[in-house]
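I have placed the structure first, in the form of structure tokens, so that the comments after it can refer back to it.
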Amino acid sequence: LHVDFMLACRAKRARDLTALDVLALKVAALCHDVDHPGHSNDFEVKSSSELALRYNDASVLENYHASFVFATLLRNPSTDFLANLSRASYREFRKAVISMILATDMARHGAHVDSLRAFADRTSFTSLTRHSFSDKSDSDDRDSRVASPRRRQFYLDQLIHLGDMSAQCSPSFDTAKDWAERIADEFRKQAAREQEMSLPVSPFMARLETAADLALGQVAFIDYVVQPLFAAAQKI
């Protein structure tokens, strides 16, 4: 949440966001892992869990988190802070939040990196905006300073994914180490459950027994996941 808000305040492209966009970003960042069961999508699918069956194996946990926000939190009068929004604004807000939470699915990471690189590539910029972001509002106000809804959603989806991947970018080693240890503990527990259920054990979750294992895993994660994402993002 803090990283996403910082990016929304400082990133050049984020200046195109509306106040409703920023509110949606805050809610999505705060709730993108709400009521998380401590397992990966892969585990849910392999175990044929209730959630996997409900969401047809597609972005299982992300769909659940998004549903939880609107079906549980925002349907309760005591927690529905959007009650005074117009119907149109509420639909816009809901669409943005759902898209952002779904964008945190790590299965989409490669597509995020590719999209950022293409966006930053001036030779493909025109083609990208024409084919990926074009809509009626684009043609109506192509020269306007207001970005189209589709392009703003692209920014929002990228911002929340950057925030989700930002723990290892912390200037505090202790903070980065703490988050690494937390996720490693979650991975170990999943690997143990997979063994108990005679499911294929996720390889990178089964080799986290020592501090050296954890360090090597973090180096690989930074080199192959975090660095390419932030390197692409800083170019736009």
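Chain identifiers are assigned as A, B, and so on, following the order in which chains appear in the structure tokens; residues are numbered from 1 within each chain, and ligands are numbered from 1 in order of appearance.
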
Query raised in the report: What lies within 7 Å of region 151-155 of chain A using only C-alpha atoms, ignoring chain neighbours under 4 positions off, as a VMD selection string?
Result: chain A and resid 14 16 to 17 96 133 147 159

Query raised in the report: Skipping near chain neighbours, those fewer than 6 positions away, what residues fall within 7 Å of region 32-38 of chain A using only C-alpha atoms, listed as an MDAnalysis selection string?
Result: chainID A and resid 65 101 186

Query - Nearest residue to Leu156 (chain A) from the set A:Ala103, A:Leu214, A:Cys31, A:Ala231 (distances using only C-alpha atoms) - result: A:Ala103

Report task. List every residue of region 17-207 of chain A that DSSP, applied to the backbone of this structure, places in alpha helix (DSSP H), and write the result as a ChimeraX atom specification. Result -> /A:19-31,41-46,50-54,60-68,87-102,109-120,122-132,136-140,149-164,173-196,203-206

**Report entry** Non-local contacts of region 191-208 of chain A (10 Å; only C-alpha atoms; under 5 positions in same chain excluded) as a PyMOL selection string
**Finding:** chain A and resi 39-40+42-43+46-47+181+183-186+213-217

Query raised in the report: Expressed in Å to a single decimal, how great is the separation between CA of Tyr224 (chain A) and CA of Arg117 (chain A)?
Result: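 Between CA of Tyr224 (chain A) and CA of Arg117 (chain A) the gap works out to 15.2 Å.
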
Requested in this report: Using only C-alpha atoms, find the one residue out of A:Phe119, A:Trp179, A:Phe5, A:Phe187 that sits nearest to Ala232 (chain A).
Outcome: A:Phe119

Report task. Write out as a ChimeraX atom specification which residues come within 9 Å of Asn41 (chain A) when counting only C-alpha atoms, dropping same-chain ones fewer than 5 positions away. Result -> /A:46,52,57-62,105

Report task. Enter the distance from CA of Lys95 (chain A) to CA of Ala66 (chain A), in Å, rounded to one decimal. Result ->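 Separation of CA of Lys95 (chain A) and CA of Ala66 (chain A): 10.2 Å.
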
Query raised in the report: Can you list, as a list in words, every protein, DNA or RNA residue that comes within 7 Å of Met100 (chain A) when you count only C-alpha atoms, leaving out same-chain residues fewer than 5 positions away?
Result: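 Counting only C-alpha atoms, the residues come to Ala28, Leu156, Asp157 and Ile160 of chain A.
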
Please save C-alpha atoms of the selected residues as a compact mmCIF listing (two decimals), in the first residue's frame.
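Heads up, here's the output in result.txt:
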```
# COMPACT_ATOMS: atom_id res chain seq x y z
CA ALA A 28 -6.79 -2.87 -4.27
CA LEU A 156 -2.94 0.99 -12.31
CA ASP A 157 -2.32 -2.68 -13.08
CA ILE A 160 -0.05 -2.63 -8.09
```
